[in-house]
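Heads up, the thing below is written out as structure tokens.
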Number of protein chains: 2
Amino acid sequence: MAEENLSKGERTRMAIEEAAYELFLEQGYSATSMRQVAERAGLAVGGIYNHFAGKDAIFEAIIHDKHPYKQILPLVSAVPGETADEFIHNAAQALVGELGRRPDFLKLMFIEIVEFNTKHMAGLMEEVIPQVLPLIQRIQSPEGVLRPIHPAIILRAFMGMFFSYYIMEMMAGQVMPPEMREDSLDIFVDIFLHGIIKSEF
Amino acid sequence: MAEENLSKGERTRMAIEEAAYELFLEQGYSATSMRQVAERAGLAVGGIYNHFAGKDAIFEAIIHDKHPYKQILPLVSAVPGETADEFIHNAAQALVGELGRRPDFLKLMFIEIVEFNTKHMAGLMEEVIPQVLPLIQRIQSPEGVLRPIHPAIILRAFMGMFFSYYIMEMMAGQVMPPEMREDSLDIFVDIFLHGIIKSEF
DNA sequence: ATAATAAAAACGAACGTTCGTTCATTTACG
DNA sequence: CGTAAATGAACGAACGTTCGTTTTTATTAT
């Protein structure tokens with residue numbers, strides 16, 4: 001493991017951040033106490049302040065290190081696919097796959113909205129947008145396969161459609177019929193590509 | 001106004017609920033104190049407990065009275081439209097229009113996710129689902145216009161697409177180009193109906 | 001290698017606040 | 001006049017943070 005190379009302080013800092021991340025996802029920011037963080041990280045309360053200026057600072061570190069955008073964008077950018085059809089399929093697969101592997105992924109964004117009023121979002125976007133542009137280029141490029149829709153809107157529709165795939169799962173997952181969940185992703189992709197209307201109409 | 005007919009107690013109860021609703025949307029549940037609620041509602045802390053058993057009880061009342069589903073579903077159900085095309089357009093118009101009029105609408109759901117782990121959602125769904133069924137029927141019905149997609153999936157794609165319209169707005173609204181916002185709803189509708197791929201491909 | 005030493009990290013009691021809630025009392029409405 | 005509503009001081013618990021102290025780690029000299 002790469003952790004062996006780290007100093008004691010760096011390892012503890014990571015443990016605190018990880019413990020806080022888990023607890024924030026479970027309970028939200030305000031409802032999580034420094035004592036809970038300390039206990040899960042395996043040290044005393046006071047010890048935290050050797051590594052972080054305060055509770056706020058922990059959240060800011062988490063936002064910077066673990067925010068979904070940071071992990072999803074490189075993933076989608078690296079996906080193969082010659083045609084738009086292939087690319088969208090693969091991108092959706094990668095996105096939802098990653099979300100599925102880490103189902104608490106989006107919660108950090110919700111905490112940001114609910115408890116911080118998207119305070120950190122602007123700074124984060126500034127960092128991420130340059131990475132988005134080539135992705136838009138790629139969706140747009142293949143020789144006129146796409147209808148003339150602004151690429152930024154396509155991106156937004158794409159993100160919305162598949163983010164919401166898990167947002168809806170979070171909100172109403174328990175009550176949806178289970179047979180819907182297996183292949184519904186493919187159908188979502190299909191709706192995104194071809195719409196719900198028969199083409200002869 | 002209908003408020004004139006209410007007793008003192010009923011009016012105070014409403015004032016407390018409204019004050020708490022505002023504060024929860026602004027700060028989240030945990031970060032909002034009973035003293036803040038009391039001050040905004042215009043009474044002393046202790047007085048709240050004449051109308052609510054505790055802080056939890058206030059939130060439960062709010063969830064029951066003001067949850068988006070409760071307001072959006074009747075709205076969409078009442079919308080006119082003979083063809084699927086017309087209906088989807090009108091439904092999207094109504095949905096996004098209502099969300100636009102009350103931009104904090106979805107935050108309640110996020111608070112539920114972040115600070116309560118969707119504790120109240122199951123009970124709410126049980127209440128709402130019967131109202132959803134006729135809506136699905138309506139999307140499905142017109143003589144074979146729609147491609148053969150499970151109506152529940154269509155509903156979910158629809159909700160996801162247009163909920164996410166505002167979710168994305170919340171998350172990244174500031175950084176989107178302003179000219180996108182004006183007519184992007186129509187384009188979203190169009191993508192939902194016809195997809196992003198040219199039909200001859 | 002071992003011992004000495006300075007720095008980093010961990011400790012946990014204590015501080016001042018604020019929290020949700022209670023309650024005896026006063027005020028106001030029906 | 002009786003009851004419902006409003007009051008605000010008070011309670012114990014929990015909060016984020018501080019701080020003097022001890023323990024551990026990393027570095028240097030032997």
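We name chains A, B, ... following the order of the structure tokens; residues begin at 1 in each chain, and ligands are numbered from 1 as shown.
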
Considering only C-alpha atoms (C1' of nucleotides), give me a table of residues in chain D that are at most 12 Å from chain B, with the closest atom pair and distance in Å for each, as a Markdown table.
| residue | atom | partner | partner_atom | distance |
| --- | --- | --- | --- | --- |
| D:DA4 | C1' | B:Gly9 | CA | 8.0 |
| D:DA5 | C1' | B:Gly9 | CA | 7.2 |
| D:DA6 | C1' | B:Gly47 | CA | 5.6 |
| D:DT7 | C1' | B:Ala44 | CA | 6.5 |
| D:DG8 | C1' | B:Ala44 | CA | 7.4 |
| D:DA9 | C1' | B:Gly46 | CA | 10.8 |
| D:DC15 | C1' | B:Ala31 | CA | 11.8 |

message: Give me the residues near DT21 (chain C) as a PyMOL selection string, where near means some atom within 9 Å (using only C-alpha atoms (C1' of nucleotides)) and where sequence neighbours in that chain fewer than 3 positions away do not count.
response: (chain B and resi 46+49+54) or (chain D and resi 11)

Written file, previous selection with N, CA and C atoms (P, O5', C5', C4', C3', O3' and C1' of nucleotides), as an mmCIF file, in the first residue's frame:
data_model
loop_
_atom_site.group_PDB
_atom_site.id
_atom_site.type_symbol
_atom_site.label_atom_id
_atom_site.label_comp_id
_atom_site.auth_asym_id
_atom_site.auth_seq_id
_atom_site.Cartn_x
_atom_site.Cartn_y
_atom_site.Cartn_z
ATOM 1 N N GLY B 46 -40.947 28.903 24.432
ATOM 2 C CA GLY B 46 -41.836 27.975 25.118
ATOM 3 C C GLY B 46 -43.179 27.832 24.443
ATOM 4 N N TYR B 49 -44.256 24.913 22.033
ATOM 5 C CA TYR B 49 -44.624 23.590 22.543
ATOM 6 C C TYR B 49 -46.101 23.478 22.916
ATOM 7 N N GLY B 54 -42.470 18.898 19.459
ATOM 8 C CA GLY B 54 -41.028 19.141 19.452
ATOM 9 C C GLY B 54 -40.566 19.520 18.067
ATOM 10 P P DC D 11 -31.785 25.940 37.406
ATOM 11 O "O5'" DC D 11 -31.987 24.780 36.341
ATOM 12 C "C5'" DC D 11 -33.209 24.036 36.333
ATOM 13 C "C4'" DC D 11 -33.006 22.799 35.473
ATOM 14 C "C3'" DC D 11 -31.585 22.264 35.552
ATOM 15 O "O3'" DC D 11 -31.592 20.900 35.920
ATOM 16 C "C1'" DC D 11 -32.226 22.692 33.276
#

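From CA of Asp65 (chain A) back to CA of Arg101 (chain A), the distance works out to 17.7 Å.
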
Could you write out, as an mmCIF file with N, CA and C atoms, in the first residue's frame, all the residues of region 50-142 of chain B that DSSP marks as helix (DSSP H, G or I)?
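Output file part-v9.cif is given in full below:
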data_model
loop_
_atom_site.group_PDB
_atom_site.id
_atom_site.type_symbol
_atom_site.label_atom_id
_atom_site.label_comp_id
_atom_site.auth_asym_id
_atom_site.auth_seq_id
_atom_site.Cartn_x
_atom_site.Cartn_y
_atom_site.Cartn_z
ATOM 1 N N LYS B 55 -39.262 19.635 17.905
ATOM 2 C CA LYS B 55 -38.699 20.061 16.620
ATOM 3 C C LYS B 55 -39.040 19.048 15.526
ATOM 4 N N ASP B 56 -38.897 17.761 15.847
ATOM 5 C CA ASP B 56 -39.231 16.718 14.874
ATOM 6 C C ASP B 56 -40.647 16.883 14.338
ATOM 7 N N ALA B 57 -41.565 17.151 15.251
ATOM 8 C CA ALA B 57 -42.983 17.236 14.884
ATOM 9 C C ALA B 57 -43.221 18.365 13.885
ATOM 10 N N ILE B 58 -42.475 19.448 14.032
ATOM 11 C CA ILE B 58 -42.614 20.556 13.075
ATOM 12 C C ILE B 58 -42.202 20.104 11.687
ATOM 13 N N PHE B 59 -41.063 19.401 11.640
ATOM 14 C CA PHE B 59 -40.585 18.946 10.329
ATOM 15 C C PHE B 59 -41.561 17.965 9.691
ATOM 16 N N GLU B 60 -42.124 17.095 10.507
ATOM 17 C CA GLU B 60 -43.068 16.126 9.964
ATOM 18 C C GLU B 60 -44.311 16.811 9.408
ATOM 19 N N ALA B 61 -44.765 17.838 10.101
ATOM 20 C CA ALA B 61 -45.912 18.604 9.603
ATOM 21 C C ALA B 61 -45.578 19.264 8.273
ATOM 22 N N ILE B 62 -44.359 19.791 8.176
ATOM 23 C CA ILE B 62 -43.939 20.456 6.942
ATOM 24 C C ILE B 62 -43.870 19.452 5.803
ATOM 25 N N ILE B 63 -43.229 18.310 6.067
ATOM 26 C CA ILE B 63 -43.139 17.261 5.054
ATOM 27 C C ILE B 63 -44.527 16.901 4.550
ATOM 28 N N HIS B 64 -45.451 16.782 5.462
ATOM 29 C CA HIS B 64 -46.793 16.360 5.076
ATOM 30 C C HIS B 64 -47.518 17.435 4.278
ATOM 31 N N ASP B 65 -47.337 18.692 4.660
ATOM 32 C CA ASP B 65 -48.102 19.781 4.040
ATOM 33 C C ASP B 65 -47.452 20.348 2.786
ATOM 34 N N LYS B 66 -46.120 20.398 2.760
ATOM 35 C CA LYS B 66 -45.460 21.183 1.708
ATOM 36 C C LYS B 66 -44.587 20.373 0.775
ATOM 37 N N PRO B 68 -43.026 18.662 -2.288
ATOM 38 C CA PRO B 68 -43.209 18.874 -3.721
ATOM 39 C C PRO B 68 -44.220 17.948 -4.379
ATOM 40 N N TYR B 69 -44.141 16.660 -4.081
ATOM 41 C CA TYR B 69 -45.048 15.719 -4.719
ATOM 42 C C TYR B 69 -46.500 16.123 -4.537
ATOM 43 N N LYS B 70 -46.778 16.586 -3.327
ATOM 44 C CA LYS B 70 -48.149 16.951 -3.004
ATOM 45 C C LYS B 70 -48.669 18.073 -3.899
ATOM 46 N N GLN B 71 -47.778 18.915 -4.355
ATOM 47 C CA GLN B 71 -48.202 20.080 -5.111
ATOM 48 C C GLN B 71 -48.027 19.892 -6.610
ATOM 49 N N ILE B 72 -47.015 19.118 -6.995
ATOM 50 C CA ILE B 72 -46.712 18.982 -8.411
ATOM 51 C C ILE B 72 -47.650 18.004 -9.097
ATOM 52 N N LEU B 73 -47.960 16.900 -8.417
ATOM 53 C CA LEU B 73 -48.756 15.868 -9.069
ATOM 54 C C LEU B 73 -50.153 16.339 -9.473
ATOM 55 N N PRO B 74 -50.900 16.982 -8.562
ATOM 56 C CA PRO B 74 -52.214 17.488 -8.974
ATOM 57 C C PRO B 74 -52.094 18.454 -10.149
ATOM 58 N N LEU B 75 -51.046 19.249 -10.094
ATOM 59 C CA LEU B 75 -50.791 20.235 -11.134
ATOM 60 C C LEU B 75 -50.639 19.572 -12.501
ATOM 61 N N VAL B 76 -49.747 18.576 -12.547
ATOM 62 C CA VAL B 76 -49.477 17.898 -13.813
ATOM 63 C C VAL B 76 -50.693 17.093 -14.268
ATOM 64 N N SER B 77 -51.407 16.529 -13.315
ATOM 65 C CA SER B 77 -52.584 15.731 -13.660
ATOM 66 C C SER B 77 -53.651 16.567 -14.350
ATOM 67 N N ALA B 84 -49.637 12.880 -27.097
ATOM 68 C CA ALA B 84 -48.544 12.756 -26.123
ATOM 69 C C ALA B 84 -47.640 13.971 -26.200
ATOM 70 N N ASP B 85 -47.393 14.411 -27.435
ATOM 71 C CA ASP B 85 -46.541 15.572 -27.662
ATOM 72 C C ASP B 85 -47.068 16.784 -26.905
ATOM 73 N N GLU B 86 -48.341 17.067 -27.116
ATOM 74 C CA GLU B 86 -48.968 18.199 -26.423
ATOM 75 C C GLU B 86 -48.909 18.030 -24.921
ATOM 76 N N PHE B 87 -49.258 16.844 -24.486
ATOM 77 C CA PHE B 87 -49.333 16.602 -23.038
ATOM 78 C C PHE B 87 -47.978 16.768 -22.376
ATOM 79 N N ILE B 88 -46.946 16.167 -22.976
ATOM 80 C CA ILE B 88 -45.600 16.276 -22.391
ATOM 81 C C ILE B 88 -45.155 17.733 -22.352
ATOM 82 N N HIS B 89 -45.394 18.430 -23.447
ATOM 83 C CA HIS B 89 -45.047 19.848 -23.474
ATOM 84 C C HIS B 89 -45.743 20.608 -22.352
ATOM 85 N N ASN B 90 -47.034 20.404 -22.221
ATOM 86 C CA ASN B 90 -47.803 21.123 -21.202
ATOM 87 C C ASN B 90 -47.393 20.717 -19.789
ATOM 88 N N ALA B 91 -47.162 19.411 -19.630
ATOM 89 C CA ALA B 91 -46.784 18.918 -18.307
ATOM 90 C C ALA B 91 -45.435 19.499 -17.894
ATOM 91 N N ALA B 92 -44.491 19.500 -18.839
ATOM 92 C CA ALA B 92 -43.170 20.062 -18.549
ATOM 93 C C ALA B 92 -43.279 21.541 -18.232
ATOM 94 N N GLN B 93 -44.107 22.222 -19.015
ATOM 95 C CA GLN B 93 -44.343 23.645 -18.787
ATOM 96 C C GLN B 93 -44.857 23.882 -17.367
ATOM 97 N N ALA B 94 -45.857 23.098 -16.989
ATOM 98 C CA ALA B 94 -46.476 23.256 -15.671
ATOM 99 C C ALA B 94 -45.482 22.944 -14.562
ATOM 100 N N LEU B 95 -44.748 21.840 -14.744
ATOM 101 C CA LEU B 95 -43.795 21.399 -13.731
ATOM 102 C C LEU B 95 -42.696 22.432 -13.512
ATOM 103 N N VAL B 96 -42.037 22.790 -14.589
ATOM 104 C CA VAL B 96 -40.923 23.728 -14.463
ATOM 105 C C VAL B 96 -41.415 25.121 -14.076
ATOM 106 N N GLY B 97 -42.604 25.467 -14.559
ATOM 107 C CA GLY B 97 -43.178 26.753 -14.165
ATOM 108 C C GLY B 97 -43.382 26.838 -12.674
ATOM 109 N N GLU B 98 -43.937 25.777 -12.108
ATOM 110 C CA GLU B 98 -44.178 25.763 -10.664
ATOM 111 C C GLU B 98 -42.863 25.766 -9.894
ATOM 112 N N LEU B 99 -41.917 24.974 -10.380
ATOM 113 C CA LEU B 99 -40.595 24.963 -9.743
ATOM 114 C C LEU B 99 -39.957 26.345 -9.816
ATOM 115 N N GLY B 100 -40.153 27.018 -10.948
ATOM 116 C CA GLY B 100 -39.581 28.346 -11.115
ATOM 117 C C GLY B 100 -40.207 29.355 -10.172
ATOM 118 N N ARG B 101 -41.505 29.205 -9.973
ATOM 119 C CA ARG B 101 -42.202 30.119 -9.077
ATOM 120 C C ARG B 101 -41.759 29.902 -7.628
ATOM 121 N N LYS B 107 -35.668 21.671 -2.235
ATOM 122 C CA LYS B 107 -34.739 21.604 -1.116
ATOM 123 C C LYS B 107 -35.260 20.724 0.010
ATOM 124 N N LEU B 108 -36.565 20.729 0.183
ATOM 125 C CA LEU B 108 -37.164 19.910 1.227
ATOM 126 C C LEU B 108 -36.799 18.442 1.033
ATOM 127 N N MET B 109 -36.804 18.033 -0.220
ATOM 128 C CA MET B 109 -36.433 16.663 -0.517
ATOM 129 C C MET B 109 -34.973 16.401 -0.190
ATOM 130 N N PHE B 110 -34.139 17.382 -0.468
ATOM 131 C CA PHE B 110 -32.718 17.232 -0.180
ATOM 132 C C PHE B 110 -32.471 17.174 1.323
ATOM 133 N N ILE B 111 -33.194 17.982 2.073
ATOM 134 C CA ILE B 111 -33.077 17.934 3.527
ATOM 135 C C ILE B 111 -33.463 16.550 4.019
ATOM 136 N N GLU B 112 -34.520 16.018 3.447
ATOM 137 C CA GLU B 112 -34.964 14.666 3.789
ATOM 138 C C GLU B 112 -33.852 13.653 3.552
ATOM 139 N N ILE B 113 -33.179 13.783 2.430
ATOM 140 C CA ILE B 113 -32.107 12.853 2.081
ATOM 141 C C ILE B 113 -30.908 13.042 3.003
ATOM 142 N N VAL B 114 -30.487 14.300 3.183
ATOM 143 C CA VAL B 114 -29.236 14.587 3.889
ATOM 144 C C VAL B 114 -29.372 14.392 5.385
ATOM 145 N N GLU B 115 -30.464 14.901 5.956
ATOM 146 C CA GLU B 115 -30.546 14.961 7.416
ATOM 147 C C GLU B 115 -31.493 13.920 8.025
ATOM 148 N N PHE B 116 -32.268 13.246 7.180
ATOM 149 C CA PHE B 116 -33.187 12.248 7.717
ATOM 150 C C PHE B 116 -33.080 10.898 7.023
ATOM 151 N N MET B 121 -40.002 9.212 3.498
ATOM 152 C CA MET B 121 -40.344 9.089 2.083
ATOM 153 C C MET B 121 -41.305 7.944 1.797
ATOM 154 N N ALA B 122 -41.083 6.815 2.465
ATOM 155 C CA ALA B 122 -41.906 5.641 2.195
ATOM 156 C C ALA B 122 -43.369 5.939 2.472
ATOM 157 N N GLY B 123 -43.640 6.524 3.621
ATOM 158 C CA GLY B 123 -45.012 6.864 3.978
ATOM 159 C C GLY B 123 -45.631 7.836 3.000
ATOM 160 N N LEU B 124 -44.840 8.770 2.566
ATOM 161 C CA LEU B 124 -45.324 9.773 1.621
ATOM 162 C C LEU B 124 -45.668 9.138 0.279
ATOM 163 N N MET B 125 -44.807 8.219 -0.160
ATOM 164 C CA MET B 125 -45.017 7.559 -1.453
ATOM 165 C C MET B 125 -46.311 6.751 -1.459
ATOM 166 N N GLU B 126 -46.530 6.063 -0.349
ATOM 167 C CA GLU B 126 -47.754 5.279 -0.230
ATOM 168 C C GLU B 126 -48.983 6.135 -0.482
ATOM 169 N N GLU B 127 -48.866 7.367 -0.040
ATOM 170 C CA GLU B 127 -49.983 8.291 -0.163
ATOM 171 C C GLU B 127 -50.115 8.822 -1.588
ATOM 172 N N VAL B 128 -48.965 8.929 -2.271
ATOM 173 C CA VAL B 128 -48.926 9.637 -3.551
ATOM 174 C C VAL B 128 -49.132 8.718 -4.756
ATOM 175 N N ILE B 129 -48.629 7.478 -4.638
ATOM 176 C CA ILE B 129 -48.623 6.573 -5.797
ATOM 177 C C ILE B 129 -49.992 6.394 -6.465
ATOM 178 N N PRO B 130 -51.061 6.242 -5.685
ATOM 179 C CA PRO B 130 -52.378 6.129 -6.333
ATOM 180 C C PRO B 130 -52.690 7.284 -7.273
ATOM 181 N N GLN B 131 -52.150 8.457 -6.974
ATOM 182 C CA GLN B 131 -52.391 9.609 -7.836
ATOM 183 C C GLN B 131 -51.540 9.568 -9.099
ATOM 184 N N VAL B 132 -50.452 8.793 -9.030
ATOM 185 C CA VAL B 132 -49.534 8.738 -10.167
ATOM 186 C C VAL B 132 -50.082 7.837 -11.271
ATOM 187 N N LEU B 133 -50.758 6.759 -10.873
ATOM 188 C CA LEU B 133 -51.179 5.745 -11.835
ATOM 189 C C LEU B 133 -51.991 6.291 -13.007
ATOM 190 N N PRO B 134 -53.047 7.076 -12.745
ATOM 191 C CA PRO B 134 -53.801 7.613 -13.889
ATOM 192 C C PRO B 134 -52.954 8.475 -14.812
ATOM 193 N N LEU B 135 -51.944 9.121 -14.218
ATOM 194 C CA LEU B 135 -51.046 9.959 -15.018
ATOM 195 C C LEU B 135 -50.256 9.107 -15.999
ATOM 196 N N ILE B 136 -49.744 7.989 -15.514
ATOM 197 C CA ILE B 136 -49.027 7.048 -16.381
ATOM 198 C C ILE B 136 -49.948 6.569 -17.497
ATOM 199 N N GLN B 137 -51.138 6.180 -17.112
ATOM 200 C CA GLN B 137 -52.164 5.754 -18.069
ATOM 201 C C GLN B 137 -52.285 6.759 -19.205
ATOM 202 N N ARG B 138 -52.303 8.017 -18.814
ATOM 203 C CA ARG B 138 -52.543 9.087 -19.781
ATOM 204 C C ARG B 138 -51.367 9.248 -20.757
ATOM 205 N N ILE B 139 -50.153 9.132 -20.225
ATOM 206 C CA ILE B 139 -48.984 9.220 -21.101
ATOM 207 C C ILE B 139 -48.963 8.053 -22.071
ATOM 208 N N GLN B 140 -49.426 6.920 -21.570
ATOM 209 C CA GLN B 140 -49.330 5.679 -22.327
ATOM 210 C C GLN B 140 -50.395 5.576 -23.412
#

task: Write down, as a PyMOL selection string, each residue of chain C that has any atom within 9 Å of an atom of chain A, counting only C-alpha atoms (C1' of nucleotides).
output: chain C and resi 8-12

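Between chain B and the residues A:Leu25, A:Leu6, A:Ile16, A:Ala53, the shortest atom-to-atom distance, using only C-alpha atoms, involves A:Leu25.
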
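Between C1' of DT24 (chain D) and CA of Glu10 (chain A) the interatomic distance comes to 14.7 Å.
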
field: Nearest residue to DT18 (chain C) from the set B:Arg35, B:Gly28, B:Ala19, B:Met14 (distances using only C-alpha atoms (C1' of nucleotides))
entry: B:Arg35

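The nearest approach to chain B among the residues A:Ile191, A:Ala41, A:Leu23, A:Met34, with only C-alpha atoms taken into account, belongs to A:Ile191.
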
message: Env of DG16 (chain C): 12 Å cut, atoms = only C-alpha atoms (C1' of nucleotides), seq-sep filter 5 positions within chain, self excluded. Answer as an NGL selection string.
response: :D and (15-18)

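Distances to chain B were evaluated for A:Ala20, A:Val37, A:Ala15, A:Ala157 using only C-alpha atoms, and the minimum falls at A:Ala157.
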
- prompt: Which one of A:Tyr29, A:Tyr21, A:Phe192, A:Phe105 sits closest to chain B if you count only C-alpha atoms?
  reply: A:Phe192

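Here C1' of DT22 (chain C) stands at a distance of 8.7 Å from C1' of DA10 (chain D).
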
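The shortest atom-to-atom distance to chain B, with only C-alpha atoms taken into account, belongs to A:Asn117 out of A:Pro80, A:Asn117, A:His67, A:Asn5.
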